Each structure stands twice: as structure tokens, then as C-alpha cells.
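Below is one structure; the comments refer to it alone.
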Amino acid sequence: MVTQAQRWVVLKFGGTSVSRRNRWDTIGRIAAGRMSDGDVRVLVVVSALSGVTNELLAIANGDDVPGRLAGLIERHRGFCVELGLDPDAMLGERLAALEALGTDARAAGRPLAWQADVLAQGELMSSTIGAAYLRSQGHDFGWCDARDWLDAIALPNQSEWASRLAVNCRRDADAGFGTRFAAQPARMLLSQGFIARHADGGTAVLGRGGSDTSAACFGALLGAERVEIWTDVPGMFSANPREVPDARLLARLDYAEAQEIATTGAKVLHPRSIAPCRDAGVPMAILDTERPELPGTRIDASAATVPGVKAISRRDGVVLVSMESIGMWQQVGFLADIFERFRRHGLSVDLIGSSETNVTISLDPSENLVTSNVLEALAADLAEVCRVKVIAPCTAITLVGRGMRSLLHKLSDVWATFGQERVHLISQSSNDLNLTFVVDEADAEGLLPQLHAELIRSGAMPVRAAGVFGPSWRDLAVGRPQRPASWWVGRRDQLLARAAVGTPRYVYDLATVRDHARMLTGTAAVDQCFFAIKANPHPAILRAIAAEGFGLECVSLGEIEHVFAHVPGLSPRNVLFTPSFAPRREYEAAFDHGVTVTIDNIEALRRWPEVFRGRTAWLRLDLGHGEGHHAKVKTGGVAAKFGLPLAKVDAFLDAARDIDLRISGLHAHLGSGIDDAGHWHGVYAHLAGLADMIGTVETIDIGGGLPVPYAPESPLFDVALWRAGLDEIKASYPRYRLVVEPGRYLVAEAGVLLLSVTQVVEKDGVRRVGADAGMNALMRPSVYDAYHGIHNLDRLDDTELTEFDVVGPICESGDVLGHGRPLPAATAEGDVLLVADTGAYGMVMANTYNLRALPAEDILDEGGIE
């Protein structure tokens, strides 16, 4: 039993945290701060200086031993001087021991025991320097040798290499361990990570990243209050933040989820470090040495269980071994024979996939010595009983989170993305905590940001779960631009007055429409903007947008007639007709109106040659892939009905020449809600290359699809980056007019939907707020799983909130506007709900299902309500 006098906090600091003087000052402050908490004592565990272990590993491998030893000695002496310490007095004995290893009689043969002695020197030197410096700064620090307290243990079937250079440590303390450790005189102690005592009395090391595990073992042996892993990032993230800047900080995890995330690729915490703390019930924390004020990631047994994907990670360098034999079907002992051969070569199997005639396994290079020699010997051994194929290098991409099987319906976009890659193996863990896809390493580049965004959009990654997810890496590293208050906050009284007239009701703010239009017309590279009126064809909105210099893009004859009826003086040159499977008469009428017509298939030319003969038109192309926030808004690729495939371009041009049809423009629109600002740069470049080939093209239309930040966590679209990309590519192809045709970007945030609360109901623990309209007024949540902010306009200032599902009166299970929305607990019948950002694809998709009336519409301009 740990007494009050023996309470410990273990702090581990990695290589980057011990390589500069200011970092050691921080270590001293943090340690002293922890010790000020009553009778707590502090144990600091440190790694070698940054890069030193790599040098020692090269020495252990016999690579330029004298030169590397000299370099390390010089570096450590220099660091002592930087810290104001006498190198000879503080480090002379350590440096002599390091130098002696180079001339040791064992060096020629490089036995594992000698290699362990070499590798241990980094931590021994850094800890010796650190303890001396902290004492010089007035801190009560002692030094102890980790090998006196951490004992390596042998595991069954462990290879000779692993039993010396990647050991596990005993973590079940004897009755007197705590008393003996506490007998050391200093209140704060400094020791080494990575090293332990071998059973033969020599040195053993825990393998790369072993300092985390050393700290965890100390924490378990001491029954510590917590183990804190101090590093150069603020904690664990939902993806590698250097690859996915929008990755979210994981504020709280249980041991099992943290174990899976660490095991499947997160570098911030070594996988072996979690089990000692979990088994001993010691909480863990991952914290940032440079920013100690940040909360970091907390790992303990009391973390709330929230189903959903918590992280997506990747492991490169994975080796797949595929073994095939008809003889394995129903053969007793075949797999035992196979895995005995892996054991024989000291290899630990990670993932397994099997069929009647094939078994495929993966080898994780972080846990195995996977060299070409080892693989050749293994393949030769396995070839005695089956056909063997080694596939390398591969990447394992893993989704981690509780309840993975229950999330499969939300992973449709993820499955579709992997459907475009060559997937060698899919593995779903038996503990329902992970789902792994193994692909060629070359194909993995760029996948993680795309998959991470898809997980958030689908709701599979519950980033709004309070206490589980924190801010994004981008927010922490550079800060997210402050999102301005929505226009409707300052017009609350006017909106409540309109709601009193009757709901459901859409209200649009023309000032917001104009602001968004000017954001795009101010782009120098863009020669013409068209507004896709299908997003919102309200006459006042069309007139306001046309007054800003926009043309209008239509997809039906009805829309063409609508714009000419409601926008006085509109020139046909400012109208673009982009139909999809429209009837012949609509093409004829569009040409008669004199508008620009876009064609997207060859069949129309062949069946109706007289309609297109002698005309000039644009050609819409399918570039072979689609993008966007949902599968149903991706308008490129084989599954989409839009656009002429690239393989048919030559045939289309031949058919066009036969009827004297001149192609003056190329168009590609690949989807909606695309958050990659560089997307349109790529589309223009692709189309410009084709335009050069065709020879008659004057205009390139790169479509729309600019995103809207519907959800609180959605980043603002970087218009400046978008402009810069277009400026760059336009400079390369200046001869073409550049056209864009956004829709939702101009009007989505300008509109709100006002509803009235009809009922508040609780059913089996789920609280629901009913409104007087639902999917009949706003289809996007049910069709696209779209998120819209929902607010109680009557009670905006209430702080006591409760989660509600917001539903409508339509007799469909899909009639849900939002799940788990925080609304005032006092929400009651008659309150006015505001559904935000509904200016696009709201009223245009409204319907009279269940014979419910369509919403009303109002325009809000500077002069008031129209």
C-alpha cells in the first residue's frame, strides 16, 4: 500500500525536450510544480539527446565507430558548456565509458550484449547532464540508474535479439520496492528511459520509443498518481497532424482506445507503455513541453465510452506474406505448421486474413527485424508447404474507435475511397476497436486527409462529443480565423416578428449574398462568374447577384424562362444552359433564346444532328473522379451521370465535325462542398491541356462546389489560397477565359428557416423537439446527412442546455433535422427555432408531402423586410 509520504508522479521527457537549455528550465519548473502538490515526489525519466540514439545504433552496427564516437563526445561536451557545466567534472566518466566501448574486445564481433551497452550510453549521458544542471539551478534533484530498478523479463518464444534489444520489464513490485525507492534522499529523482537490467546482470534496452515504457513501468511499480509523457506535440490526435492539419486533439481516452491508436501508428506514445499503467490503474497524460498550459490527452479507466472513430492512422513499411495451397483446406495442423515457421524466424504476426486456400498475414516492422535476409529465409522455409508471395512495401491504414461494427453504415464514403485503390487485406479486430486496410505504400499518399474529412462529414467521427475531442492541430498551431457572428444574430427581433406572422418561413439577407458575390468577383484570374440558380432562384436574389456582374447558370428550360422573366435586361450571353438528360425541345429552345448551351454526351449529336448542326456549344467532361461532402453530390466518375468520359472525346469531336458543331468551351464540375482549395487549379490545368488539343476552345469552366462551413468545426474556406491557385494556373494558360459557376457559396449562409416548436417529448432517454416543418421544408439533412445549426431564437441567451433531436411532423423515420443538438432545457411549445445556413437547396427542394403547405419566403435588405 502506498502511503501519503510515498506518493509519486512520473514525468517522461523525450529527446527534443532534453536537447536545449530552455527545455531543461521547463523540466525544472514542471517538476517543482508537481512536487508542490502536498507530499508528492517526482521521478523524471529522460531519453537521449535528439538524434543520439540513431548515432549509437550506427555504432552498434559497426558503421564508422571512431568517427561517430568522436562526434558524440564533442556534442555532449559542447552541451555541458552551453549549460554552464564543466564537461570533465560532470561527464568525464561517462565519456570515457563511451569511448572505451569502441575499443572493447567485443566490438569486432558486435554481440548483442555489447550493442545494448552502446545503445544505453545516450540516456546515461543525458540524465547525468540534466541532473547536474537542475541541481545547479537550485532544484533538489538526485540521479539513479534505471538498471537498478527495472528488470528485463524473458517471454516465451522470444528471439535472442528481442531478449536483449527489445525487452519487456517486470512491473509487479515486491513488497519492499516502494520503500527502497523512496529511501533515496532527494525529493526529486532523475533516471533514464530505454534501459533495464538483463537477467545476466548486463544491460538490456527496451527498443525504440522505450522511454515511454520505462516511465510507465516506473509508474506501475510505484503505484504512481499518474504518468505524464511530455513531448513536442499537445497530445494524441485523430490523425497525424503533420499529414492532416485538421486532425483533432483527443482530450480523453480509455486505455483500450489509446492502446489501439498507439499500436496502429500514432508515434506520440509507444504501444508498450500503456499496459503497465492500465494493469496498475495508473492514469496517463500526454502533454506539450513547449506549451505546458495546454490540457493534452488524458488516458484512464474512467473516460466516457463514446462510440465512433477516434483516430485514423497509418503504418508504412508493412510486409505482407501471402501463402496459398489447396492442401490447406480442412487440413488439421496446417496453420500451426505455418506459424511455427514464423516463430522459428523470430517474427511476430500482426494482421491475419484467410480463405479456404489462402492465408495472408502482415509483419509490422516496428515490432520485427524485417530484413531482406530474414524474409528470404522465411520464404524458403514456407515454400516447403505452400506457394509464397511477399508484398512490400505496404501501408496499413487503420480506423480506431469503439463500436466499429455499428458504424459500418456511416463508412460508405470510406469504402468508396478504398474502392479506388488496390486493397491487399482488410482486417476487422475481434475486440471491435479497429478496422484496417492494407494498400501499396505508394497509393497511401494523400489518403489520410481525404479519409479524415469523410469520417467527420459522415458523423462516424463524433468530433462534437464533449470532453472527447479538443481543438484541431491547425487551431493550436496557427490559430483558426475568428468566425464572424452570423448576420441573423443582430436581426433577431425582425426575425421573431416574421415568425409571428407564420412559420415555416425562409428569410434571406441580401447583404450577405452581395458580400459573398464580391468575394469571387474580386478574383483577378476569373473572367466570368455564373450563379447556379438551382441553389436559390428567388427573383430578388437573382437580381442582386446579376447586379454584381454575375451571369446565371440554368439546368432546365423552366429556369431559363424564369431568369428572363425576373431579371430585366439580362443578355443571353450571360446565361449558361447546363442540362442533364434534358429532352430535345429544351436544347432547341435554349438555342432559340441565344444562351450558351453545354453538351455532355455523344448520343445527342448522333440522334438529333439537326439540333446542333452549325451551332457553337460547350462540352462538359467527366475527368474520371468526383469530389464533395457526400456521395450524392459527387458529379464525376463512373457512378455519376454527368459529363462525357475522356475516352470518348475523340469520337465526340469527330461527330461534332460531321455536323459542323464548334466547341468553344470546356466544362468540368466534379462535386459540391469541396474543401481542397487547390482542386480548381487541377481542374483548369487538365481542361487546358485538352483545350490545346481541340484547338477551337476559348473558355474553360471549372465549375463550382466551393464549400460552406455548416458545422461548428468546419474550417472557413480559404478564398485567398483559392485565388492564388487560380492566378498561378491562369498565368500558365492565359489564352483561355476562366469561368466559375458557384451556387451554394453565394446564398447558403444568407438564408435561415424559421420554425415553431410543436411538442417536446422524451422517449426511452431520448429528448425530442418537434417543429411545424421538417424534411418537407428542408430536405438536405435526410438526403445528404447534412448538418445545419439549430438555435432557439426565443432563448438565445439561455446557458442551461440539453441535447435534443430536432424532428418534423412528417410521417417518415428520416424526418430529422438534427441529432443531439444542444438547446435550452426550457425549450417549449411556441418557441421559434432558427435553422441556419439554409439559403441554398432549401426552398427549391421543399415539397407538399403529407399535404403540408410550402414555407413562406421573405427578403431582408437594408430597408427591412420585402
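Convention: chains lettered A, B, ... in C-alpha cells order; per-chain residue numbering from 1; ligands numbered from 1 as shown.
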Non-local contacts of A:Arg620 (9 Å; only C-alpha atoms; under 5 positions in same chain excluded) as a tab-separated table (two decimals) with N, CA and C atoms, in the first residue's frame:
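Resulting contents of result_37.tsv:
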chain	number	residue	atom	x	y	z
A	578	THR	N	-26.82	24.27	-68.74
A	578	THR	CA	-26.03	23.06	-68.48
A	578	THR	C	-26.98	21.94	-68.10
A	598	THR	N	-24.45	23.79	-73.13
A	598	THR	CA	-23.42	22.80	-72.82
A	598	THR	C	-23.95	21.40	-73.14
A	599	ILE	N	-23.13	20.58	-73.78
A	599	ILE	CA	-23.49	19.20	-74.14
A	599	ILE	C	-22.57	18.27	-73.36
A	600	ASP	N	-23.10	17.11	-72.94
A	600	ASP	CA	-22.25	16.21	-72.16
A	600	ASP	C	-22.31	14.76	-72.62
A	601	ASN	N	-22.78	14.52	-73.87
A	601	ASN	CA	-22.77	13.14	-74.36
A	601	ASN	C	-22.76	13.14	-75.88
A	642	PHE	N	-23.13	12.58	-65.02
A	642	PHE	CA	-22.76	13.82	-65.69
A	642	PHE	C	-21.46	13.68	-66.48
A	643	GLY	N	-21.39	14.33	-67.62
A	643	GLY	CA	-20.14	14.51	-68.33
A	643	GLY	C	-19.79	13.42	-69.31
A	644	LEU	N	-19.05	13.83	-70.34
A	644	LEU	CA	-18.53	12.90	-71.34
A	644	LEU	C	-17.23	12.31	-70.82
A	665	GLY	N	-16.03	25.95	-75.63
A	665	GLY	CA	-15.76	25.92	-74.18
A	665	GLY	C	-15.69	24.51	-73.65
A	666	LEU	N	-14.86	24.31	-72.63
A	666	LEU	CA	-14.80	23.04	-71.91
A	666	LEU	C	-15.22	23.29	-70.47
A	667	HIS	N	-15.96	22.32	-69.93
A	667	HIS	CA	-16.54	22.48	-68.60
A	667	HIS	C	-16.37	21.19	-67.81
A	668	ALA	N	-16.01	21.31	-66.53
A	668	ALA	CA	-16.00	20.15	-65.62
A	668	ALA	C	-16.38	20.63	-64.23
A	669	HIS	N	-17.39	19.98	-63.69
A	669	HIS	CA	-17.82	20.24	-62.30
A	669	HIS	C	-17.87	18.87	-61.62
A	701	ASP	N	-14.48	26.35	-68.11
A	701	ASP	CA	-15.39	26.47	-66.96
A	701	ASP	C	-15.00	25.40	-65.95
Applying 9 Å and only C-alpha atoms, which residues near A:Ala444 remain after dropping the ones on its own chain fewer than 5 positions away? List them as a VMD selection string.
chain A and resid 314 316 394 to 397 421 439
Determine, counting only C-alpha atoms, which protein, DNA and RNA residues have an atom within 10 Å of an atom of A:Tyr849; residues of the same chain fewer than 4 positions away are not included. Present the result as a tab-separated table (two decimals) with N, CA and C atoms, in the first residue's frame.
chain	number	residue	atom	x	y	z
A	775	MET	N	-38.53	17.57	-42.99
A	775	MET	CA	-37.94	17.25	-44.29
A	775	MET	C	-38.78	17.79	-45.45
A	776	ASN	N	-40.02	18.16	-45.20
A	776	ASN	CA	-40.82	18.77	-46.26
A	776	ASN	C	-40.33	20.18	-46.58
A	777	ALA	N	-39.76	20.87	-45.59
A	777	ALA	CA	-39.26	22.23	-45.79
A	777	ALA	C	-37.76	22.23	-46.09
A	810	ILE	N	-43.49	15.08	-40.35
A	810	ILE	CA	-43.71	14.20	-41.50
A	810	ILE	C	-43.64	12.74	-41.05
A	811	CYS	N	-44.52	11.92	-41.58
A	811	CYS	CA	-44.59	10.52	-41.18
A	811	CYS	C	-43.51	9.70	-41.90
A	853	ALA	N	-48.26	22.54	-46.25
A	853	ALA	CA	-48.04	23.71	-47.09
A	853	ALA	C	-46.55	24.02	-47.22
A	854	LEU	N	-46.20	24.64	-48.35
A	854	LEU	CA	-44.84	25.07	-48.55
A	854	LEU	C	-44.50	26.23	-47.61
Within stretch 679-806 of chain A, find each residue whose DSSP state, derived from the backbone, is strand (DSSP E or B), and express the selection as a ChimeraX atom specification. /A:699-701,737-740,751-763,766-771,790-792,801-806
Let me see the file: selected residues, N, CA and C atoms, as a JSON list (two decimals), in the first residue's frame.
[["chain", "number", "residue", "atom", "x", "y", "z"],
["A", 699, "THR", "N", -12.97, 29.19, -73.85],
["A", 699, "THR", "CA", -13.36, 29.34, -72.44],
["A", 699, "THR", "C", -13.23, 28.02, -71.71],
["A", 700, "ILE", "N", -12.76, 28.10, -70.48],
["A", 700, "ILE", "CA", -12.69, 26.93, -69.61],
["A", 700, "ILE", "C", -13.52, 27.22, -68.36],
["A", 701, "ASP", "N", -14.48, 26.35, -68.11],
["A", 701, "ASP", "CA", -15.39, 26.47, -66.96],
["A", 701, "ASP", "C", -15.00, 25.40, -65.95],
["A", 737, "ARG", "N", -10.40, 32.09, -71.45],
["A", 737, "ARG", "CA", -11.24, 32.76, -70.46],
["A", 737, "ARG", "C", -11.56, 31.75, -69.35],
["A", 738, "LEU", "N", -11.47, 32.21, -68.12],
["A", 738, "LEU", "CA", -11.72, 31.32, -66.98],
["A", 738, "LEU", "C", -13.09, 31.65, -66.38],
["A", 739, "VAL", "N", -13.93, 30.62, -66.27],
["A", 739, "VAL", "CA", -15.29, 30.77, -65.76],
["A", 739, "VAL", "C", -15.47, 29.87, -64.54],
["A", 740, "VAL", "N", -16.17, 30.40, -63.53],
["A", 740, "VAL", "CA", -16.60, 29.59, -62.38],
["A", 740, "VAL", "C", -18.10, 29.73, -62.25],
["A", 751, "GLY", "N", -29.40, 32.53, -45.83],
["A", 751, "GLY", "CA", -30.77, 32.12, -45.54],
["A", 751, "GLY", "C", -30.93, 31.42, -44.21],
["A", 752, "VAL", "N", -32.08, 31.63, -43.58],
["A", 752, "VAL", "CA", -32.45, 30.88, -42.37],
["A", 752, "VAL", "C", -33.87, 30.37, -42.54],
["A", 753, "LEU", "N", -34.15, 29.28, -41.88],
["A", 753, "LEU", "CA", -35.50, 28.72, -41.86],
["A", 753, "LEU", "C", -36.05, 28.87, -40.46],
["A", 754, "LEU", "N", -37.20, 29.54, -40.34],
["A", 754, "LEU", "CA", -37.84, 29.75, -39.05],
["A", 754, "LEU", "C", -38.95, 28.71, -38.87],
["A", 755, "LEU", "N", -38.93, 28.04, -37.74],
["A", 755, "LEU", "CA", -39.92, 27.02, -37.41],
["A", 755, "LEU", "C", -40.49, 27.31, -36.02],
["A", 756, "SER", "N", -41.62, 26.74, -35.73],
["A", 756, "SER", "CA", -42.21, 26.86, -34.40],
["A", 756, "SER", "C", -42.22, 25.50, -33.71],
["A", 757, "VAL", "N", -41.87, 25.50, -32.43],
["A", 757, "VAL", "CA", -41.88, 24.26, -31.65],
["A", 757, "VAL", "C", -43.31, 23.82, -31.44],
["A", 758, "THR", "N", -43.59, 22.55, -31.74],
["A", 758, "THR", "CA", -44.93, 22.00, -31.56],
["A", 758, "THR", "C", -45.04, 21.16, -30.29],
["A", 759, "GLN", "N", -44.00, 20.36, -30.00],
["A", 759, "GLN", "CA", -44.02, 19.49, -28.83],
["A", 759, "GLN", "C", -42.59, 19.25, -28.36],
["A", 760, "VAL", "N", -42.46, 18.93, -27.06],
["A", 760, "VAL", "CA", -41.20, 18.46, -26.50],
["A", 760, "VAL", "C", -41.49, 17.13, -25.83],
["A", 761, "VAL", "N", -40.80, 16.06, -26.28],
["A", 761, "VAL", "CA", -41.16, 14.71, -25.86],
["A", 761, "VAL", "C", -39.90, 13.95, -25.45],
["A", 762, "GLU", "N", -40.02, 13.13, -24.40],
["A", 762, "GLU", "CA", -38.94, 12.22, -24.02],
["A", 762, "GLU", "C", -39.39, 10.79, -24.25],
["A", 763, "LYS", "N", -38.53, 10.00, -24.90],
["A", 763, "LYS", "CA", -38.85, 8.59, -25.17],
["A", 763, "LYS", "C", -37.60, 7.76, -24.96],
["A", 766, "VAL", "N", -34.32, 9.54, -24.89],
["A", 766, "VAL", "CA", -34.04, 10.47, -25.98],
["A", 766, "VAL", "C", -35.06, 11.61, -25.92],
["A", 767, "ARG", "N", -34.56, 12.83, -25.82],
["A", 767, "ARG", "CA", -35.44, 14.00, -25.80],
["A", 767, "ARG", "C", -35.56, 14.56, -27.21],
["A", 768, "ARG", "N", -36.78, 14.84, -27.62],
["A", 768, "ARG", "CA", -37.02, 15.35, -28.97],
["A", 768, "ARG", "C", -37.82, 16.64, -28.92],
["A", 769, "VAL", "N", -37.41, 17.57, -29.78],
["A", 769, "VAL", "CA", -38.16, 18.79, -30.01],
["A", 769, "VAL", "C", -38.82, 18.66, -31.37],
["A", 770, "GLY", "N", -40.14, 18.78, -31.40],
["A", 770, "GLY", "CA", -40.87, 18.73, -32.66],
["A", 770, "GLY", "C", -41.09, 20.13, -33.19],
["A", 771, "ALA", "N", -41.06, 20.26, -34.54],
["A", 771, "ALA", "CA", -41.28, 21.55, -35.18],
["A", 771, "ALA", "C", -42.41, 21.42, -36.20],
["A", 790, "ILE", "N", -28.91, 24.63, -35.40],
["A", 790, "ILE", "CA", -30.30, 24.84, -34.97],
["A", 790, "ILE", "C", -30.27, 25.59, -33.65],
["A", 791, "HIS", "N", -31.01, 26.68, -33.56],
["A", 791, "HIS", "CA", -30.97, 27.56, -32.40],
["A", 791, "HIS", "C", -32.39, 27.92, -31.97],
["A", 792, "ASN", "N", -32.56, 28.09, -30.68],
["A", 792, "ASN", "CA", -33.84, 28.57, -30.15],
["A", 792, "ASN", "C", -33.77, 30.09, -30.13],
["A", 801, "LEU", "N", -28.29, 24.05, -21.09],
["A", 801, "LEU", "CA", -28.62, 23.38, -22.34],
["A", 801, "LEU", "C", -28.80, 21.88, -22.13],
["A", 802, "THR", "N", -29.59, 21.28, -23.01],
["A", 802, "THR", "CA", -29.82, 19.84, -23.02],
["A", 802, "THR", "C", -29.78, 19.38, -24.47],
["A", 803, "GLU", "N", -29.33, 18.15, -24.68],
["A", 803, "GLU", "CA", -29.29, 17.63, -26.05],
["A", 803, "GLU", "C", -30.67, 17.13, -26.47],
["A", 804, "PHE", "N", -31.09, 17.56, -27.65],
["A", 804, "PHE", "CA", -32.37, 17.16, -28.23],
["A", 804, "PHE", "C", -32.15, 16.69, -29.66],
["A", 805, "ASP", "N", -32.96, 15.74, -30.10],
["A", 805, "ASP", "CA", -33.14, 15.50, -31.52],
["A", 805, "ASP", "C", -34.23, 16.46, -31.99],
["A", 806, "VAL", "N", -34.00, 17.13, -33.12],
["A", 806, "VAL", "CA", -34.99, 18.07, -33.65],
["A", 806, "VAL", "C", -35.66, 17.40, -34.84]]
Check your understanding: Which one is closest to A:Asp25: A:His139, A:Arg7, A:Arg248, A:His345? Count only C-alpha atoms.
Key ->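 So, comparing all the options, the nearest one is A:His139.
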A straight line from atom CA of A:Gly705 to atom CA of A:Ile312 spans 26.2 Å
From the set A:Leu382, A:Glu376, A:Val282, A:Glu698, which residue has the shortest atom-to-atom contact distance to A:Asp337, counting only C-alpha atoms?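 Distance minimum relative to A:Asp337 lands on A:Leu382.
Near stretch 74-87 of chain A, within 8 Å and counting only C-alpha atoms, sit Arg21, Gly92, Met125, Ile129, Ala132 and Tyr133 of chain A; same-chain residues fewer than 5 positions away were not included.
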Fewer than 3 positions away in the same chain doesn't count, so skip those; otherwise give me all residues within 12 Å of A:His562, counting only C-alpha atoms, as number ranges by chain. A: 533-534, 536-539, 542-543, 552-559, 565-568, 570, 575
**Study point:** 8 Å contact set for A:Tyr841, only C-alpha atoms, chain neighbours under 3 positions out, as an MDAnalysis selection string
**Key:** chainID A and resid 534:536 744 748 778 780 838 844:845
*asked:* Env of stretch 50-67 of chain A: 10 Å cut, atoms = only C-alpha atoms, seq-sep filter 3 positions within chain, self excluded. Answer as a ChimeraX atom specification.
replied: /A:14-20,47,70-72,75-76,98-99,101-103,107-112,114-123,126,208
Export of prior selection with N, CA and C atoms as a short mmCIF file (atom, residue, chain, number, x, y, z; two decimals), in the first residue's frame:
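Printed below is result-v3.cif as written:
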data_model
loop_
_atom_site.label_atom_id
_atom_site.label_comp_id
_atom_site.auth_asym_id
_atom_site.auth_seq_id
_atom_site.Cartn_x
_atom_site.Cartn_y
_atom_site.Cartn_z
N GLY A 14 11.12 13.40 -23.76
CA GLY A 14 11.80 12.80 -24.90
C GLY A 14 13.00 13.59 -25.37
N GLY A 15 13.58 13.13 -26.49
CA GLY A 15 14.83 13.69 -26.97
C GLY A 15 14.77 15.17 -27.28
N THR A 16 13.70 15.61 -27.94
CA THR A 16 13.60 17.04 -28.26
C THR A 16 13.41 17.88 -27.01
N SER A 17 12.89 17.28 -25.95
CA SER A 17 12.64 18.01 -24.71
C SER A 17 13.87 18.12 -23.83
N VAL A 18 14.94 17.41 -24.15
CA VAL A 18 16.14 17.46 -23.30
C VAL A 18 17.37 17.96 -24.06
N SER A 19 17.15 18.51 -25.26
CA SER A 19 18.28 18.87 -26.12
C SER A 19 18.61 20.35 -26.11
N ARG A 20 17.85 21.16 -25.35
CA ARG A 20 18.14 22.59 -25.29
C ARG A 20 18.03 23.07 -23.84
N SER A 47 14.97 10.67 -22.17
CA SER A 47 15.58 10.00 -23.32
C SER A 47 16.95 10.59 -23.57
N ALA A 70 33.67 10.06 -31.74
CA ALA A 70 34.26 11.39 -31.56
C ALA A 70 33.20 12.48 -31.67
N GLY A 71 32.30 12.31 -32.63
CA GLY A 71 31.23 13.29 -32.80
C GLY A 71 30.32 13.37 -31.59
N LEU A 72 29.96 12.21 -31.02
CA LEU A 72 29.08 12.20 -29.84
C LEU A 72 29.77 12.82 -28.63
N ARG A 75 29.74 16.52 -29.07
CA ARG A 75 28.40 17.11 -28.90
C ARG A 75 28.04 17.22 -27.42
N HIS A 76 28.30 16.18 -26.64
CA HIS A 76 27.93 16.21 -25.23
C HIS A 76 28.80 17.17 -24.43
N LEU A 98 32.00 5.61 -22.82
CA LEU A 98 31.55 5.56 -24.21
C LEU A 98 32.72 5.29 -25.14
N GLU A 99 33.83 6.00 -24.93
CA GLU A 99 34.99 5.82 -25.79
C GLU A 99 35.57 4.41 -25.67
N LEU A 101 33.99 1.69 -25.18
CA LEU A 101 33.19 0.70 -25.90
C LEU A 101 33.67 0.53 -27.34
N GLY A 102 34.27 1.59 -27.90
CA GLY A 102 34.77 1.49 -29.26
C GLY A 102 35.98 0.59 -29.38
N THR A 103 36.75 0.48 -28.31
CA THR A 103 37.95 -0.38 -28.34
C THR A 103 37.76 -1.66 -27.55
N ALA A 107 33.84 -5.48 -29.56
CA ALA A 107 33.36 -4.64 -30.66
C ALA A 107 33.48 -5.32 -32.02
N ALA A 108 34.53 -6.11 -32.21
CA ALA A 108 34.72 -6.74 -33.52
C ALA A 108 33.58 -7.69 -33.86
N GLY A 109 33.12 -8.45 -32.88
CA GLY A 109 32.05 -9.41 -33.13
C GLY A 109 30.66 -8.84 -32.96
N ARG A 110 30.55 -7.64 -32.36
CA ARG A 110 29.27 -6.96 -32.14
C ARG A 110 28.20 -7.85 -31.52
N PRO A 111 28.49 -8.55 -30.43
CA PRO A 111 27.45 -9.34 -29.77
C PRO A 111 26.34 -8.44 -29.25
N LEU A 112 25.17 -9.03 -29.03
CA LEU A 112 24.01 -8.24 -28.62
C LEU A 112 24.24 -7.54 -27.28
N TRP A 114 27.02 -6.33 -26.12
CA TRP A 114 27.84 -5.14 -26.39
C TRP A 114 26.99 -4.05 -27.04
N GLN A 115 26.14 -4.45 -27.98
CA GLN A 115 25.27 -3.47 -28.63
C GLN A 115 24.37 -2.78 -27.61
N ALA A 116 23.84 -3.53 -26.64
CA ALA A 116 22.98 -2.94 -25.62
C ALA A 116 23.76 -1.93 -24.78
N ASP A 117 25.01 -2.28 -24.44
CA ASP A 117 25.84 -1.34 -23.68
C ASP A 117 26.06 -0.05 -24.46
N VAL A 118 26.28 -0.18 -25.77
CA VAL A 118 26.46 1.01 -26.62
C VAL A 118 25.20 1.86 -26.64
N LEU A 119 24.07 1.24 -26.89
CA LEU A 119 22.81 1.97 -27.03
C LEU A 119 22.39 2.66 -25.74
N ALA A 120 22.80 2.12 -24.60
CA ALA A 120 22.41 2.69 -23.31
C ALA A 120 23.11 4.01 -23.01
N GLN A 121 24.20 4.32 -23.71
CA GLN A 121 25.01 5.47 -23.33
C GLN A 121 24.29 6.80 -23.52
N GLY A 122 23.39 6.88 -24.48
CA GLY A 122 22.70 8.15 -24.72
C GLY A 122 21.91 8.61 -23.52
N GLU A 123 21.09 7.72 -22.94
CA GLU A 123 20.29 8.08 -21.77
C GLU A 123 21.16 8.32 -20.54
N SER A 126 22.62 11.89 -21.07
CA SER A 126 21.64 12.98 -20.97
C SER A 126 21.13 13.13 -19.54
N ARG A 208 13.26 0.98 -29.67
CA ARG A 208 12.99 2.38 -30.00
C ARG A 208 11.68 2.81 -29.36
#
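The space separating atom CA of A:Ser127 from atom CA of A:Leu190 comes to 6.6 Å.
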*With only C-alpha atoms as the basis for distance, which of A:Arg344, A:Phe13, A:Gly522, A:Ala220 is at the shortest distance from A:Glu160?*
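Under the stated criterion, the closest residue is A:Arg344.
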What separates atom CA of A:Ser362 and atom CA of A:Val349 is a distance of 6.1 Å
Expected answer as a VMD selection string: alpha helix (DSSP H) residues in stretch 177-411 of chain A:
chain A and resid 177 to 182 210 to 222 255 to 263 274 to 280 334 to 344 372 to 382
| task | Rank nothing, just name the residue among A:Asn240, A:Gln331, A:Ser714, A:Ser159 nearest to A:Lys267, using only C-alpha atoms. | result |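 With only C-alpha atoms as the atom set, the closest residue is A:Asn240.
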* Asked: Between A:Arg341, A:Arg278, A:Arg474, A:Arg147, which one has atoms that come closest to A:Pro234, using only C-alpha atoms?
  ->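 Closest candidate: A:Arg474.
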